Each structure stands twice: as structure tokens, then as C-alpha cells.
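K.L.:
So here's my_file.csv (CSV, C-alpha atoms and all ligand atoms).
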chain,number,residue,atom,x,y,z
W,1,MET,CA,28.6,-8.9,15.5
W,2,THR,CA,29.6,-5.5,14.1
W,3,THR,CA,27.4,-2.6,15.2
W,4,PHE,CA,25.9,-0.5,12.4
W,5,LEU,CA,25.0,3.0,13.5
W,6,PRO,CA,22.0,4.5,11.7
W,7,ASP,CA,23.2,6.8,9.0
W,8,PRO,CA,21.9,10.3,9.8
W,9,ALA,CA,21.6,11.1,6.1
W,10,LEU,CA,19.3,8.1,5.6
W,11,LEU,CA,17.1,9.2,8.5
W,12,ASP,CA,17.0,12.7,7.0
W,13,ARG,CA,16.0,11.4,3.5
W,14,ILE,CA,13.2,9.4,5.0
W,15,ALA,CA,11.9,12.3,7.1
W,16,ASN,CA,12.1,14.6,4.0
W,17,ASP,CA,10.3,12.1,1.8
W,18,LEU,CA,7.5,11.6,4.4
W,19,TYR,CA,7.1,15.3,4.7
W,20,LEU,CA,6.8,15.7,0.9
W,21,THR,CA,4.9,12.6,-0.2
W,22,GLY,CA,3.9,10.6,2.8
W,23,PHE,CA,6.2,7.7,1.9
W,24,SER,CA,9.8,6.8,1.4
W,25,ILE,CA,11.5,3.9,-0.3
W,26,GLN,CA,15.2,3.5,0.5
W,27,HIS,CA,17.2,0.9,-1.5
W,28,GLN,CA,20.3,-0.4,0.3
W,29,GLY,CA,19.0,1.4,3.4
W,30,LEU,CA,20.2,-1.4,5.7
W,31,ASP,CA,23.6,-3.0,5.9
W,32,PRO,CA,23.7,-6.4,4.2
W,33,ALA,CA,25.7,-8.1,7.0
W,34,TRP,CA,23.2,-6.9,9.5
W,35,CYS,CA,20.3,-8.1,7.3
W,36,ASN,CA,21.9,-11.5,7.1
W,37,ASP,CA,22.0,-11.6,11.0
W,38,LEU,CA,18.3,-10.6,11.1
W,39,LEU,CA,17.5,-13.3,8.6
W,40,VAL,CA,19.3,-16.0,10.7
W,41,LEU,CA,17.4,-14.8,13.7
W,42,LEU,CA,14.1,-14.8,11.8
W,43,LYS,CA,14.6,-18.4,10.8
W,44,GLN,CA,15.1,-19.3,14.5
W,45,GLN,CA,11.7,-18.0,15.5
W,46,THR,CA,8.5,-19.9,16.1
W,47,LEU,CA,6.3,-18.2,13.5
W,48,ARG,CA,2.5,-18.1,13.8
W,49,SER,CA,-0.3,-17.3,11.3
W,50,ALA,CA,-0.9,-13.5,11.5
W,51,GLY,CA,-4.3,-12.2,12.5
W,52,VAL,CA,-6.5,-9.4,11.2
W,53,GLY,CA,-8.2,-6.7,13.2
W,54,ARG,CA,-7.7,-5.1,16.6
W,55,THR,CA,-6.6,-7.1,19.6
W,56,ASP,CA,-10.1,-7.8,20.9
W,57,THR,CA,-11.5,-9.0,17.5
W,58,ARG,CA,-8.3,-10.5,16.0
W,59,ARG,CA,-8.9,-13.6,13.8
W,60,ASN,CA,-7.0,-15.5,11.3
W,61,HIS,CA,-8.2,-14.6,7.8
W,62,PRO,CA,-6.3,-16.8,5.3
W,63,ASP,CA,-8.4,-15.1,2.5
W,64,ILE,CA,-6.8,-11.7,3.4
W,65,ARG,CA,-3.3,-12.6,4.6
W,66,ARG,CA,-1.1,-15.7,4.6
W,67,ASP,CA,2.1,-14.5,6.3
W,68,GLN,CA,3.6,-16.2,9.4
W,69,ILE,CA,4.9,-13.8,12.1
W,70,ALA,CA,6.8,-13.5,15.3
W,71,TRP,CA,7.0,-10.3,17.4
W,72,ILE,CA,10.4,-8.9,17.8
W,73,GLU,CA,11.9,-8.7,21.3
W,74,PRO,CA,15.3,-7.2,22.3
W,75,ASP,CA,16.7,-10.7,23.0
W,76,ALA,CA,19.5,-10.9,20.5
W,77,ALA,CA,22.1,-8.5,19.2
W,78,ALA,CA,20.6,-8.2,15.7
W,79,SER,CA,17.1,-7.5,17.0
W,80,ARG,CA,18.3,-5.1,19.7
W,81,GLN,CA,20.1,-3.3,16.9
W,82,TRP,CA,16.8,-3.2,14.9
W,83,LEU,CA,15.0,-1.7,17.8
W,84,ASP,CA,17.8,0.9,18.2
W,85,PHE,CA,17.5,1.7,14.6
W,86,ALA,CA,13.8,2.1,15.0
W,87,ALA,CA,14.3,4.4,18.0
W,88,ALA,CA,16.7,6.6,16.0
W,89,LEU,CA,14.2,6.9,13.2
W,90,GLN,CA,11.5,7.7,15.7
W,91,GLN,CA,13.5,10.5,17.1
W,92,ALA,CA,14.4,11.8,13.7
W,93,LEU,CA,10.7,11.8,12.6
W,94,ASN,CA,9.6,13.4,15.8
W,95,ARG,CA,12.2,16.2,15.5
W,96,ARG,CA,11.7,16.9,11.9
W,97,LEU,CA,7.9,16.4,11.6
W,98,PHE,CA,6.6,16.7,15.1
W,99,LEU,CA,4.7,13.5,14.7
W,100,GLY,CA,4.7,12.7,18.4
W,101,LEU,CA,5.5,9.0,17.8
W,102,PHE,CA,5.4,7.3,21.2
W,103,SER,CA,6.0,3.6,20.8
W,104,PHE,CA,7.2,1.0,18.3
W,105,GLU,CA,6.2,-2.6,17.7
W,106,SER,CA,7.4,-4.9,15.0
W,107,HIS,CA,7.3,-8.5,13.8
W,108,PHE,CA,9.3,-10.8,11.6
W,109,ALA,CA,7.3,-12.1,8.7
W,110,HIS,CA,7.7,-15.0,6.4
W,111,TYR,CA,5.6,-15.3,3.2
W,112,ALA,CA,5.9,-18.8,1.9
W,113,PRO,CA,5.7,-19.2,-1.9
W,114,GLY,CA,2.2,-18.2,-3.0
W,115,ALA,CA,1.4,-16.3,0.3
W,116,PHE,CA,0.0,-12.8,0.0
W,117,TYR,CA,-1.5,-9.9,1.9
W,118,LYS,CA,-4.5,-8.4,0.1
W,119,THR,CA,-4.9,-4.6,-0.1
W,120,HIS,CA,-5.3,-3.0,3.3
W,121,VAL,CA,-4.4,0.0,5.4
W,122,ASP,CA,-2.4,-0.6,8.6
W,123,ALA,CA,-4.7,1.8,10.6
W,124,PHE,CA,-8.2,2.9,10.2
W,125,ARG,CA,-8.7,6.6,10.2
W,126,GLY,CA,-9.7,8.1,13.5
W,127,GLU,CA,-9.7,4.7,15.2
W,128,SER,CA,-6.3,3.3,15.5
W,129,ASN,CA,-3.1,4.9,16.7
W,130,ARG,CA,-0.7,3.4,14.2
W,131,VAL,CA,0.8,6.4,12.5
W,132,VAL,CA,3.9,5.3,10.6
W,133,SER,CA,4.6,1.9,9.0
W,134,VAL,CA,8.1,0.6,8.4
W,135,VAL,CA,9.0,-2.5,6.3
W,136,ALA,CA,12.5,-3.9,6.0
W,137,TYR,CA,13.3,-6.6,3.5
W,138,LEU,CA,15.9,-9.3,4.1
W,139,ASN,CA,16.1,-11.3,0.8
W,140,PRO,CA,19.4,-11.3,-1.1
W,141,GLY,CA,19.3,-11.5,-4.8
W,142,TRP,CA,15.6,-10.9,-5.3
W,143,GLN,CA,14.5,-10.7,-9.0
W,144,GLN,CA,11.4,-8.9,-10.2
W,145,SER,CA,10.5,-12.2,-11.8
W,146,ASP,CA,10.3,-13.7,-8.2
W,147,GLY,CA,7.1,-11.6,-7.7
W,148,GLY,CA,6.3,-10.7,-4.1
W,149,SER,CA,6.3,-7.0,-4.5
W,150,MET,CA,4.5,-4.6,-2.2
W,151,VAL,CA,2.3,-2.2,-4.1
W,152,LEU,CA,1.5,1.1,-2.5
W,153,TYR,CA,-1.7,2.7,-3.7
W,154,GLN,CA,-2.8,6.3,-3.8
W,155,PRO,CA,-4.6,7.5,-0.7
W,156,ASP,CA,-8.4,7.0,-1.2
W,157,GLN,CA,-7.8,5.4,-4.6
W,158,PRO,CA,-6.9,1.7,-4.0
W,159,ASP,CA,-7.0,1.2,-7.8
W,160,THR,CA,-4.2,3.6,-8.6
W,161,ALA,CA,-0.7,2.2,-7.9
W,162,LEU,CA,1.9,4.7,-6.7
W,163,VAL,CA,5.0,2.5,-6.4
W,164,GLU,CA,5.9,-1.1,-6.5
W,165,VAL,CA,8.6,-2.2,-4.0
W,166,TRP,CA,10.5,-5.5,-4.4
W,167,PRO,CA,11.7,-7.2,-1.2
W,168,GLU,CA,15.4,-7.0,-2.0
W,169,GLN,CA,17.7,-7.3,1.0
W,170,GLY,CA,18.4,-3.8,2.6
W,171,THR,CA,15.3,-2.0,1.1
W,172,LEU,CA,13.3,0.0,3.5
W,173,ALA,CA,9.8,1.2,3.0
W,174,VAL,CA,8.3,3.8,5.3
W,175,PHE,CA,4.8,5.3,4.9
W,176,LEU,CA,1.9,7.0,6.7
W,177,SER,CA,-0.1,4.1,8.1
W,178,GLU,CA,-3.6,5.7,7.7
W,179,GLU,CA,-3.1,7.1,4.2
W,180,PHE,CA,-1.7,4.4,1.9
W,181,PRO,CA,-3.6,1.2,1.0
W,182,HIS,CA,-1.0,-1.5,0.1
W,183,GLU,CA,-0.7,-5.1,-0.7
W,184,VAL,CA,1.8,-7.9,-0.9
W,185,LYS,CA,1.7,-9.9,-4.1
W,186,PRO,CA,2.4,-13.6,-4.0
W,187,ALA,CA,6.0,-14.6,-4.6
W,188,HIS,CA,7.6,-17.7,-6.2
W,189,ARG,CA,10.2,-18.0,-3.4
W,190,ASP,CA,10.2,-17.6,0.4
W,191,ARG,CA,9.9,-13.9,1.3
W,192,TYR,CA,11.4,-12.6,4.6
W,193,SER,CA,10.8,-9.2,6.1
W,194,ILE,CA,10.2,-7.1,9.1
W,195,ALA,CA,7.1,-5.0,9.5
W,196,GLY,CA,6.8,-2.3,12.2
W,197,TRP,CA,4.6,0.5,13.3
W,198,TYR,CA,5.0,3.6,15.3
W,199,ARG,CA,2.1,4.6,17.5
W,200,VAL,CA,1.0,7.8,19.2
W,201,ASN,CA,-0.2,7.7,22.7
W,202,THR,CA,-4.0,7.9,22.8
W,203,SER,CA,-4.6,6.8,26.4
W,204,ASP,CA,-7.6,8.2,28.2
W,205,SER,CA,-8.9,7.4,31.6
W,206,ASN,CA,-10.8,4.3,30.4
W,207,ARG,CA,-8.2,2.5,28.5
W,208,ILE,CA,-4.4,2.2,28.2
W,209,ASP,CA,-3.5,2.3,24.6
W,210,PRO,CA,-1.0,1.2,23.2
W,211,PRO,CA,-1.6,-2.1,25.2
W,212,ARG,CA,2.1,-3.3,25.3
W,301,LIG,O1,5.8,-7.1,3.7
W,301,LIG,C1,5.4,-6.1,3.2
W,301,LIG,O2,5.8,-5.7,2.1
W,301,LIG,C2,4.2,-5.4,3.8
W,301,LIG,C3,3.6,-6.1,5.0
W,301,LIG,C4,2.3,-5.4,5.5
W,301,LIG,O3,1.7,-4.7,4.8
W,301,LIG,C5,1.9,-5.6,6.9
W,301,LIG,O4,2.4,-6.5,7.6
W,301,LIG,O5,1.0,-4.9,7.3
W,302,FE,FE,0.4,-3.5,5.9
As C-alpha cells, what does this structure read like?

P.N.:
Amino acid sequence: MTTFLPDPALLDRIANDLYLTGFSIQHQGLDPAWCNDLLVLLKQQTLRSAGVGRTDTRRNHPDIRRDQIAWIEPDAAASRQWLDFAAALQQALNRRLFLGLFSFESHFAHYAPGAFYKTHVDAFRGESNRVVSVVAYLNPGWQQSDGGSMVLYQPDQPDTALVEVWPEQGTLAVFLSEEFPHEVKPAHRDRYSIAGWYRVNTSDSNRIDPPR
């Protein structure tokens, strides 16, 4: 497999957008050959219904989300490269924005036709330590008529759409986890992606957080 080094200009654009607006959408952000490797790897995974809520109160909520997920481990070349890319972005964001991002976790996701994820935020203000969300899309030849867009809503105004992102292969969406409500609309075809989160370290003497 060819190695694709993260483009410093791409990392710069993302950091700059986050600074200015709190989100960044990069079309053709990821190399197509690498996306195809990630797609092959995704399809080899044993996927499980995703849960909702913090670890201790996590439940399946098919009314809220219908995606199937598998957590990403550095056990294949394509996934190691994804984690390397995430580490490079983490370093760029910390250098440029002093965010103090401390750890990264991510999962593959498959939304079968009709599957959705209702409007939510990835972190609850003051409670969670997810700070920045990253979504990478793996689907070649996605048409807007296929549906399946992710809609980002204005902070504190979950009725006002800011931007609609189609899950075309190579597109990367990065946004502040606590600020932006977002949803995944149902698609007419299988929709493959990676969702990841950077956390800050909020450990105190009573608990170790993040847990992994
Ligand atoms: O797949 C997407 O577009 C977003 C997924 C998402 O919001 C999540 O997993 O929290
Ligand atoms: Fe989300």
C-alpha cells in the first residue's frame, strides 16, 4: 500500500476554518486510493449497532440512530494510516489553536439504506470531554439524489441549517463537538464513513477519563 502523508496545507485550512467558524468541510481531503483501502477494511469488520449516551448508561436507541459501527484499531496498514493522519491533525490543531487535544477515538460506520442519526451533539456542554469531531466519507460516486447528507445546524439553533455535507469519497468534515447539532439523513444506498473524536484530558483523582 502506498503511504499518503497528510498535506500540511490541508491541516492548515482545517485549523483556520475551525478558528474562524468552528467547522471545516474539505472536499477531496483524503486520497481516493487510501479511501478505497479503508472501505475494504471497513467491510471486513464485524459491525454492531451503535449506542447512545455515556459508557455507563449506553443503550441502543434505534429511534435515534441506526448505524452499525466498529472501533478502529491500528491493526492494518490503512487504519494505522488513518490514526497517523488523525495524530497529525491533532498536532496541527493544538499548535494553531491551543486546544489541548489529548486523545483520539474513532469508529467505522455503515448506514444501511434508510438508516439515519437524528439531530444530536457529540458532547454535552460542561459534561463530556469530546472537543473536536471528525468525519471522513468513503463512498465513490455519491449523488445528491442518493440522500444521506449530514446537516450541520447553527449552535443553539437546531432548526437553522448551516451546511449540508454529502458523503462523497474523500470529503472530510471537522467541527467543534459541543457547538454544532447535526444529523445524518437517510440514504437510498449503503453509506460508509469514519467518525472520530478528539478529547481533552479531564482526569481527576476520582476517575480516569478518557477511559481507553
Ligand atoms: O456520518 C456522519 O455524517 C456523522 C456521524 C455522526 O454524527 C456521529 O457518529 O456522531
Ligand atoms: Fe455526531

K.L.:
When the cut-off is 7 Å and you count all atoms listed in the file, which residues lie near ligand LIG 301 (chain W), shown as number ranges by chain?

P.N.:
W: 117, 122, 135, 149-150, 167, 182-184, 193-195

K.L.:
May I ask you to write as a count of residues only all residues lying at most 12 Å from ligand FE 302 (chain W), with only C-alpha atoms and all ligand atoms counted?

P.N.:
47

K.L.:
Provide the CA of Ser24 (chain W) to CA of Arg199 (chain W) distance in Å, to one decimal place.

P.N.:
18.0 Å

K.L.:
One number please: CA of Ser49 (chain W) to CA of Glu73 (chain W), in Å, one decimal.

P.N.:
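Computed distance, CA of Ser49 (chain W) to CA of Glu73 (chain W), equals 18.0 Å.
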
K.L.:
What does the distance from CA of Ala15 (chain W) to CA of Leu172 (chain W) come to in Å, to one decimal?

P.N.:
12.9 Å

K.L.:
Need to verify the contact set: region 31-42 of chain W, 10 Å, all atoms listed in the file, exclusion of same-chain residues closer than 6 positions in sequence. Can you return it as a ChimeraX atom specification?

P.N.:
/W:1-6,69-70,72,76-79,81-82,107-110,136-140,169-171,192-194

K.L.:
Kindly indicate which residue among W:Pro155, W:Pro62, W:Gly100, W:Gly29 lies nearest to Leu10 (chain W), using only C-alpha atoms for the distances.

P.N.:
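Among W:Pro155, W:Pro62, W:Gly100, W:Gly29, it is W:Gly29 that comes nearest to Leu10 (chain W).
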
K.L.:
Have a look at W:Ala187, W:Phe104, W:Gln143, W:Val163 and name the one nearest to Asn201 (chain W); count all atoms listed in the file.

P.N.:
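Checking each of W:Ala187, W:Phe104, W:Gln143, W:Val163 against Asn201 (chain W), counting all atoms listed in the file, the winner is W:Phe104.
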
K.L.:
Looking at only C-alpha atoms, which of W:Pro8, W:Gln157, W:Pro186, W:Gln144 is the one that sits closest to Pro113 (chain W)?

P.N.:
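Closest residue, counting only C-alpha atoms: W:Pro186.
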
K.L.:
In file coordinates, which residues lie within 12 Å of (11.8, 14.6, 6.9) using all atoms listed in the file, given as a tab-separated table (two decimals) with C-alpha atoms, keeping the file's coordinate frame?

P.N.:
chain	number	residue	atom	x	y	z
W	8	PRO	CA	21.90	10.30	9.80
W	9	ALA	CA	21.60	11.10	6.10
W	10	LEU	CA	19.30	8.10	5.60
W	11	LEU	CA	17.10	9.20	8.50
W	12	ASP	CA	17.00	12.70	7.00
W	13	ARG	CA	16.00	11.40	3.50
W	14	ILE	CA	13.20	9.40	5.00
W	15	ALA	CA	11.90	12.30	7.10
W	16	ASN	CA	12.10	14.60	4.00
W	17	ASP	CA	10.30	12.10	1.80
W	18	LEU	CA	7.50	11.60	4.40
W	19	TYR	CA	7.10	15.30	4.70
W	20	LEU	CA	6.80	15.70	0.90
W	21	THR	CA	4.90	12.60	-0.20
W	22	GLY	CA	3.90	10.60	2.80
W	23	PHE	CA	6.20	7.70	1.90
W	24	SER	CA	9.80	6.80	1.40
W	89	LEU	CA	14.20	6.90	13.20
W	90	GLN	CA	11.50	7.70	15.70
W	91	GLN	CA	13.50	10.50	17.10
W	92	ALA	CA	14.40	11.80	13.70
W	93	LEU	CA	10.70	11.80	12.60
W	94	ASN	CA	9.60	13.40	15.80
W	95	ARG	CA	12.20	16.20	15.50
W	96	ARG	CA	11.70	16.90	11.90
W	97	LEU	CA	7.90	16.40	11.60
W	98	PHE	CA	6.60	16.70	15.10
W	99	LEU	CA	4.70	13.50	14.70
W	174	VAL	CA	8.30	3.80	5.30
W	175	PHE	CA	4.80	5.30	4.90

K.L.:
For region 40-88 of chain W, write C-alpha atoms out as a PDB file, in the first residue's frame.

P.N.:
ATOM      1  CA  VAL W  40     -12.235  -2.655   2.037  1.00  0.00           C
ATOM      2  CA  LEU W  41     -11.118  -2.759   5.685  1.00  0.00           C
ATOM      3  CA  LEU W  42     -14.490  -1.429   6.886  1.00  0.00           C
ATOM      4  CA  LYS W  43     -16.318  -4.178   5.009  1.00  0.00           C
ATOM      5  CA  GLN W  44     -14.138  -6.810   6.745  1.00  0.00           C
ATOM      6  CA  GLN W  45     -15.220  -5.603  10.204  1.00  0.00           C
ATOM      7  CA  THR W  46     -17.807  -7.122  12.476  1.00  0.00           C
ATOM      8  CA  LEU W  47     -20.133  -4.160  12.882  1.00  0.00           C
ATOM      9  CA  ARG W  48     -22.513  -3.708  15.801  1.00  0.00           C
ATOM     10  CA  SER W  49     -25.472  -1.409  16.442  1.00  0.00           C
ATOM     11  CA  ALA W  50     -24.168   1.830  17.875  1.00  0.00           C
ATOM     12  CA  GLY W  51     -25.289   3.020  21.305  1.00  0.00           C
ATOM     13  CA  VAL W  52     -26.342   6.400  22.664  1.00  0.00           C
ATOM     14  CA  GLY W  53     -25.099   8.034  25.866  1.00  0.00           C
ATOM     15  CA  ARG W  54     -22.030   7.814  28.059  1.00  0.00           C
ATOM     16  CA  THR W  55     -20.325   4.482  28.690  1.00  0.00           C
ATOM     17  CA  ASP W  56     -22.190   3.727  31.930  1.00  0.00           C
ATOM     18  CA  THR W  57     -25.665   4.484  30.545  1.00  0.00           C
ATOM     19  CA  ARG W  58     -25.123   3.400  26.941  1.00  0.00           C
ATOM     20  CA  ARG W  59     -28.159   1.828  25.225  1.00  0.00           C
ATOM     21  CA  ASN W  60     -29.256   1.059  21.700  1.00  0.00           C
ATOM     22  CA  HIS W  61     -31.760   3.643  20.548  1.00  0.00           C
ATOM     23  CA  PRO W  62     -32.987   2.665  17.078  1.00  0.00           C
ATOM     24  CA  ASP W  63     -35.332   5.681  17.176  1.00  0.00           C
ATOM     25  CA  ILE W  64     -32.262   7.969  17.401  1.00  0.00           C
ATOM     26  CA  ARG W  65     -29.555   6.202  15.394  1.00  0.00           C
ATOM     27  CA  ARG W  66     -29.428   3.169  13.101  1.00  0.00           C
ATOM     28  CA  ASP W  67     -25.773   2.968  12.143  1.00  0.00           C
ATOM     29  CA  GLN W  68     -23.578  -0.099  12.617  1.00  0.00           C
ATOM     30  CA  ILE W  69     -20.072   0.552  13.912  1.00  0.00           C
ATOM     31  CA  ALA W  70     -16.674  -0.971  14.689  1.00  0.00           C
ATOM     32  CA  TRP W  71     -13.990   0.872  16.662  1.00  0.00           C
ATOM     33  CA  ILE W  72     -10.793   1.442  14.707  1.00  0.00           C
ATOM     34  CA  GLU W  73      -7.595  -0.195  15.929  1.00  0.00           C
ATOM     35  CA  PRO W  74      -4.102   0.137  14.410  1.00  0.00           C
ATOM     36  CA  ASP W  75      -4.218  -3.444  13.146  1.00  0.00           C
ATOM     37  CA  ALA W  76      -3.999  -2.845   9.383  1.00  0.00           C
ATOM     38  CA  ALA W  77      -1.973  -0.522   7.156  1.00  0.00           C
ATOM     39  CA  ALA W  78      -4.985   1.603   6.143  1.00  0.00           C
ATOM     40  CA  SER W  79      -6.241   2.053   9.714  1.00  0.00           C
ATOM     41  CA  ARG W  80      -2.727   2.820  11.030  1.00  0.00           C
ATOM     42  CA  GLN W  81      -2.503   5.466   8.360  1.00  0.00           C
ATOM     43  CA  TRP W  82      -5.875   6.872   9.455  1.00  0.00           C
ATOM     44  CA  LEU W  83      -4.642   7.094  13.051  1.00  0.00           C
ATOM     45  CA  ASP W  84      -1.410   8.730  11.841  1.00  0.00           C
ATOM     46  CA  PHE W  85      -3.455  11.245   9.881  1.00  0.00           C
ATOM     47  CA  ALA W  86      -5.583  11.927  12.988  1.00  0.00           C
ATOM     48  CA  ALA W  87      -2.415  12.421  15.056  1.00  0.00           C
ATOM     49  CA  ALA W  88      -1.047  14.910  12.515  1.00  0.00           C
TER      50      ALA W  88
END
